[in-house]
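What follows is one structure encoded as structure tokens, with my remarks underneath.
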Amino acid sequence: MDYTLFVIQLLNGLQLGILLFLVASGLTLVFGILDFVNLAHGSVYMLGAFICASLTFALGNFVYALLISLPIVAVIGYGFERLIARPLYERDHLDHVLGTFGAILVIDTLAHMIWGPAGIAIPLPAALDGQTQLAPGIVVPTFRLAIITAGLIAAAGLYWLVNHTRTGMLIRAGASNRTMVTALGVDIQALFSFVFAIGAALAGLAGMLIAPITEASLGMGNNIIITAFVVIIVGGIGSMKGAFLAALLIGLIDTLGRAFLDDIFKLFMSSSAAENSAPAISSMSIYLIMALILFFRPQGLFPPKLR
Amino acid sequence: MQKKVFVQGLILATVLIVPLLLNYMGHPFYLDLATRLCILAIAAVGLNLILGYGGMISFGHAAYLGLGAYAVGIPAHHWLYGGMDVIATTNGFVQFGLALLVSGIFALLTGLICLKVKGVYFIMITMAFAQMVYYLFISIAEYGGDDGLVIDTRSEFPLVNFDDATQLFTICAVSLFFVMWLVWRISKSQFGMVLAGIKGNEQRMIAMGYNTFAYKLAAYVISGMICGFSGALLGNFTTFISPEMIDWARSGELMFMVILGGVATTFGPLLGAITFIILEEVLSTITIYWHLPFGLLLIGVVMFVKGGLSALIPKAEDKE
């Protein structure tokens with residue numbers, strides 16, 4: 001096994017994990033506090049990518065486009081909360097799932113009408129487009145390091161917001177006892193809208209960061225949302241720490257599995273059998289891990305203490 | 001009571017006779033549409049068993065349709081191109097048996113895990129397992145990957161010929177009636193009563209000494225096998241399968257049919273499937289962006305209609 005390749009794949013796995021966390025944190029935040037299941041969260045991820053793509057072409061710079069796209073996506077999240085989510089809070093989860101499934105169809109079709117069926121590639125500025133030498137012999141794309149850095153900054157910001165600010169205190173209080181927070185005179189509806197907007201901005205950011213690598217495309221949101229579900233199931237629904245660790249775990253397993261599983265299989269089976277079975281197993285690996293973890297810990301690895 | 005039986009009889013007779021009549025009058029298109037309707041309705045009836053009667057919200061039942069269809073396609077593929085001699089056949093009994101077996105085993109294994117949890121966890125895990133099947137078939141290059149697999153030969157049974165559109169439709173319609181009868185029988189049996197009890201209050205059923213997990217698992221497996229059977233018919237109907245059939249949007253559509261038609265009713269899934277097919281057909285002829293009005297309608301139904309279509313048509317069915 002090649003050492004350089006391993007380091008690069010490790011970074012790729014880390015990058016996937018961080019993007020997954022950005023999507024999953026919004027999901028788990030909204031679920032933990034509002035008890036609301038939002039399938040359309042992946043559509044915000046997709047919208048982030050498309051809006052950022054359009055702005056990149058309009059402004060000629062990816063970084064500016066990203067910074068302007070963030071508040072736009074947050075506003076979309078805010079509007080989504082007011083229009084779709086709020087009337088459904090009092091309903092059961094089945095209604096949440098169906099209502100937001102309808103919203104996915106609407107958002108995806110609108111995106112199809114606006115941006116067309118083909119994907120849009122986003123050009124990177126020269127500073128981000130090159131390669132960086134980490135150590136002798138280990139050269140990685142600069143942009144992947146930028147993704148990891150940006151994702152970690154966002155994650156740290158979220159941690160600070162939730163654990164060390166007054167708003168965060170109210171969010172945590174709202175998660176453990178909604179009625180009591182309302183009784184203390186806090187506008188819980190405004191708080192909920194804020195949480196939704198934050199979640200949307202994080203998911204949108206993930207979409208914007210991945211778009212220069214994979215391009216912005218119509219199906220991207222619906223693919224990542226299930227993986228994000230796997231992340232929050234494994235981590236324990238409602239737990240931010242669980243989502244972070246599970247996202248890294250899932251990102252690494254998926255990436256390393258795809259890269260190295262056939263080499264590992266070749267250790268104990270014939271080369272052709274390994275080449276046939278490795279893609280099938282690695283494509284299922286994260287779901288098998290999820291099944292395994294749930295079998296022994298149905299509540300996930302790090303279930304939140306309250307609720 | 002008389003009126004209700006009359007309405008139900010009328011619905012069934014319409015589903016069976018009108019397409020045959022239209023086909024006879026030179027409109028084979030409607031026969032095709034009705035065949036698809038019956039196949040989807042079978043899957044919806046299967047889903048209704050756990051979603052409606054058992055209160056288990058599965059968002060992954062398209063996986064069983066896919067498994068059923070591949071259980072027809074893969075043996076036919078090997079029969080034509082060699083390899084895997086154990087299952088290489090076009091014999092319908094083997095293929096449909098395989099479809100039931102595979103979907104039953106998949107339901108049993110996944111059920112063991114996802115039935116340990118409730119509510120949102122259950123929804124997400126069923127989705128995740130369906131996605132696992134989706135990626136599995138995408139990754140197997142021999143069966144076409146994401147391009148899909150053409151089924152060159154339909155299942156072969158003695159006496160009936162699946163290549164004949166009229167016969168295939170009749171089989172699908174009769175299967176639908178049988179499955180509706182079967183699920184109705186189950187819901188009225190002691191097993192069904194326990195299931196309804198679990199949906200109402202699982203703690204109480206446990207206190208009464210029922211092994212609720214076993215009951216739920218049994219219902220989950222039966223439901224999966226019904227959808228697997230429907231998938232085997234679907235494979236024979238379309239003669240083409242692709243992972244696209246397992247996409248979670250398909251699972252969502254199945255749920256939409258059950259909920260729109262009215263959960264925990266015998267005719268609800270059929271009514272829901274009829275509505276879905278008509279909507280899809282009408283909307284998609286108007287615009288290629290038919291998912292937009294469809295999505296808006298879905299949101300509208302969730303927000304404003306309680307109890308589904310069966311509730312809108314009073315006395316068509318006694319609510320449980």
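Here's how to read the names in the structure tokens: chain A, B, ... by the order shown, residue numbers from 1 in each chain, ligand numbers from 1 in the order shown.
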### Message
as a PyMOL selection string, please: the residues near Leu105 of chain A (cut-off 7 Å, only C-alpha atoms, same-chain neighbours under 6 positions excluded).
### Response
chain B and resi 291-292+295
With C-alpha atoms retained, write the just-selected residues as an mmCIF file, in the first residue's frame.
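Output below, filename out_15.cif:
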```cif
data_model
loop_
_atom_site.group_PDB
_atom_site.id
_atom_site.type_symbol
_atom_site.label_atom_id
_atom_site.label_comp_id
_atom_site.auth_asym_id
_atom_site.auth_seq_id
_atom_site.Cartn_x
_atom_site.Cartn_y
_atom_site.Cartn_z
ATOM 1 C CA HIS B 291 -42.991 17.350 -10.135
ATOM 2 C CA LEU B 292 -43.643 20.999 -9.270
ATOM 3 C CA GLY B 295 -44.982 18.515 -4.906
#
```
### Task
Specify as a ChimeraX atom specification all residues of chain B found within 8 Å of chain A, counting only C-alpha atoms.
/B:57,113,116-117,119-121,124-125,127-129,131-133,135-137,139-140,252,256,289,291-299,302-303
### Query
Got a sec: who's within 8 Å of Ile39 of chain B, counting only C-alpha atoms, leaving out chain neighbours fewer than 3 positions off, as a PyMOL selection string?
chain B and resi 35-36+42-43+172+176+230-231+233-234
### Query
What is the distance between atom CA of Leu47 of chain B and atom CA of Pro19 of chain B, in Å to one decimal?
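Rounded to one decimal, the two atoms are 25.0 Å apart.
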### Query
Do you know which residues are at most 10 Å from segment 203-216 of chain B counting only C-alpha atoms, after dropping those on the same chain fewer than 5 positions away, and could you put them as a ChimeraX atom specification?
/B:50,54-56,111-112,115-116,191-192,194-198,221-222
Output file for the selection above: N, CA and C atoms, as a PDB file, in the first residue's frame:
```pdb
ATOM      1  N   ILE B  50     -47.904  -2.431   7.036  1.00  0.00           N
ATOM      2  CA  ILE B  50     -47.125  -1.966   8.186  1.00  0.00           C
ATOM      3  C   ILE B  50     -47.359  -0.493   8.481  1.00  0.00           C
ATOM      4  N   GLY B  54     -49.953  -1.223  11.071  1.00  0.00           N
ATOM      5  CA  GLY B  54     -48.964  -1.411  12.126  1.00  0.00           C
ATOM      6  C   GLY B  54     -48.338  -0.123  12.641  1.00  0.00           C
ATOM      7  N   GLY B  55     -48.595   1.001  11.947  1.00  0.00           N
ATOM      8  CA  GLY B  55     -48.036   2.271  12.399  1.00  0.00           C
ATOM      9  C   GLY B  55     -46.527   2.378  12.241  1.00  0.00           C
ATOM     10  N   MET B  56     -45.936   1.527  11.378  1.00  0.00           N
ATOM     11  CA  MET B  56     -44.486   1.597  11.147  1.00  0.00           C
ATOM     12  C   MET B  56     -44.258   2.333   9.830  1.00  0.00           C
ATOM     13  N   GLY B 111     -35.289  -5.750   9.386  1.00  0.00           N
ATOM     14  CA  GLY B 111     -36.311  -5.601  10.418  1.00  0.00           C
ATOM     15  C   GLY B 111     -35.748  -5.837  11.805  1.00  0.00           C
ATOM     16  N   LEU B 112     -34.838  -6.819  11.915  1.00  0.00           N
ATOM     17  CA  LEU B 112     -34.222  -7.116  13.203  1.00  0.00           C
ATOM     18  C   LEU B 112     -33.557  -5.876  13.783  1.00  0.00           C
ATOM     19  N   LEU B 115     -36.514  -2.400  13.666  1.00  0.00           N
ATOM     20  CA  LEU B 115     -37.687  -2.475  14.548  1.00  0.00           C
ATOM     21  C   LEU B 115     -37.316  -2.312  16.023  1.00  0.00           C
ATOM     22  N   LYS B 116     -35.995  -2.256  16.277  1.00  0.00           N
ATOM     23  CA  LYS B 116     -35.581  -1.991  17.652  1.00  0.00           C
ATOM     24  C   LYS B 116     -35.844  -0.545  18.034  1.00  0.00           C
ATOM     25  N   PHE B 191     -53.932 -11.923  14.537  1.00  0.00           N
ATOM     26  CA  PHE B 191     -52.641 -11.282  14.285  1.00  0.00           C
ATOM     27  C   PHE B 191     -52.823  -9.787  13.995  1.00  0.00           C
ATOM     28  N   GLY B 192     -53.818  -9.495  13.142  1.00  0.00           N
ATOM     29  CA  GLY B 192     -54.080  -8.107  12.783  1.00  0.00           C
ATOM     30  C   GLY B 192     -54.546  -7.285  13.967  1.00  0.00           C
ATOM     31  N   VAL B 194     -53.726  -7.809  17.084  1.00  0.00           N
ATOM     32  CA  VAL B 194     -52.560  -7.515  17.920  1.00  0.00           C
ATOM     33  C   VAL B 194     -51.762  -6.369  17.314  1.00  0.00           C
ATOM     34  N   LEU B 195     -51.632  -6.406  15.991  1.00  0.00           N
ATOM     35  CA  LEU B 195     -50.893  -5.352  15.289  1.00  0.00           C
ATOM     36  C   LEU B 195     -51.543  -3.994  15.536  1.00  0.00           C
ATOM     37  N   ALA B 196     -52.870  -3.955  15.417  1.00  0.00           N
ATOM     38  CA  ALA B 196     -53.582  -2.703  15.662  1.00  0.00           C
ATOM     39  C   ALA B 196     -53.387  -2.260  17.111  1.00  0.00           C
ATOM     40  N   GLY B 197     -53.369  -3.243  18.017  1.00  0.00           N
ATOM     41  CA  GLY B 197     -53.136  -2.929  19.420  1.00  0.00           C
ATOM     42  C   GLY B 197     -51.766  -2.316  19.645  1.00  0.00           C
ATOM     43  N   ILE B 198     -50.758  -2.858  18.922  1.00  0.00           N
ATOM     44  CA  ILE B 198     -49.398  -2.328  19.053  1.00  0.00           C
ATOM     45  C   ILE B 198     -49.344  -0.900  18.535  1.00  0.00           C
ATOM     46  N   VAL B 221     -42.004  -8.462   7.514  1.00  0.00           N
ATOM     47  CA  VAL B 221     -41.549  -9.420   6.505  1.00  0.00           C
ATOM     48  C   VAL B 221     -42.643  -9.666   5.468  1.00  0.00           C
ATOM     49  N   ILE B 222     -43.887  -9.839   5.927  1.00  0.00           N
ATOM     50  CA  ILE B 222     -44.987 -10.057   4.975  1.00  0.00           C
ATOM     51  C   ILE B 222     -45.099  -8.865   4.024  1.00  0.00           C
TER      52      ILE B 222
END
```
### Task
DSSP on the backbone, then: every residue of segment 16-203 of chain A marked strand (DSSP E), written as a ChimeraX atom specification.
/A:131-135,138-141
### Task
Pick out the closest residue to Ile198 of chain A from this set: A:Val140, A:Val75, A:Ile289, A:Ile264. Count only C-alpha atoms.
A:Val75
#### Entry: Test item: residues at most 8 Å from segment 45-55 of chain A, only C-alpha atoms, excluding those fewer than 3 positions along its chain, as JSON, numbers by chain
{"A": [23, 41, 42, 58, 59, 60, 62, 65, 66, 69, 70, 73, 111, 115, 120, 121, 122, 200, 203, 204, 205, 206, 207, 208, 209, 210, 211, 215, 216, 217, 218, 219, 220, 221]}
### Residue list (helix (DSSP H, G or I), DSSP) for segment 80-133 of chain B, as a ChimeraX atom specification
/B:80-81,92-114,119-133
### Point-to-point distance in Å for atom CA of Trp248 of chain B and atom CA of Ile11 of chain B
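Atom CA of Trp248 of chain B lies at a distance of 29.7 Å from atom CA of Ile11 of chain B.
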### Message
Taking only C-alpha atoms into account, name the residue in A:Val186, A:Leu202, A:Asp2, A:Leu14 that is nearest to Arg144 of chain A.
### Response
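Ranked by minimum distance to Arg144 of chain A, first place goes to A:Leu14.
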### Message
Which residues are near Trp181 of chain B? Cut-off 12 Å, only C-alpha atoms, ignore same chain within fewer than 5 positions. Put them as a list in words.
### Response
Leu12, Ile42, Val45, Gly46, Leu49, Val174, Ser175, Leu176, Ile186, Ser187, Lys188, Thr265, Thr266 and Phe267 of chain B
### Message
Can you pull out the residues contacting Val86 of chain B? Cut-off 12 Å, using only C-alpha atoms, and skip same-chain residues under 2 positions away; I want them as a VMD selection string.
### Response
chain B and resid 74 to 76 78 to 79 82 to 84 88 to 89 94 to 95 98
### Query
Distance atom CA of Ile18 of chain A-atom CA of Thr214 of chain A, one decimal place?
15.7 Å
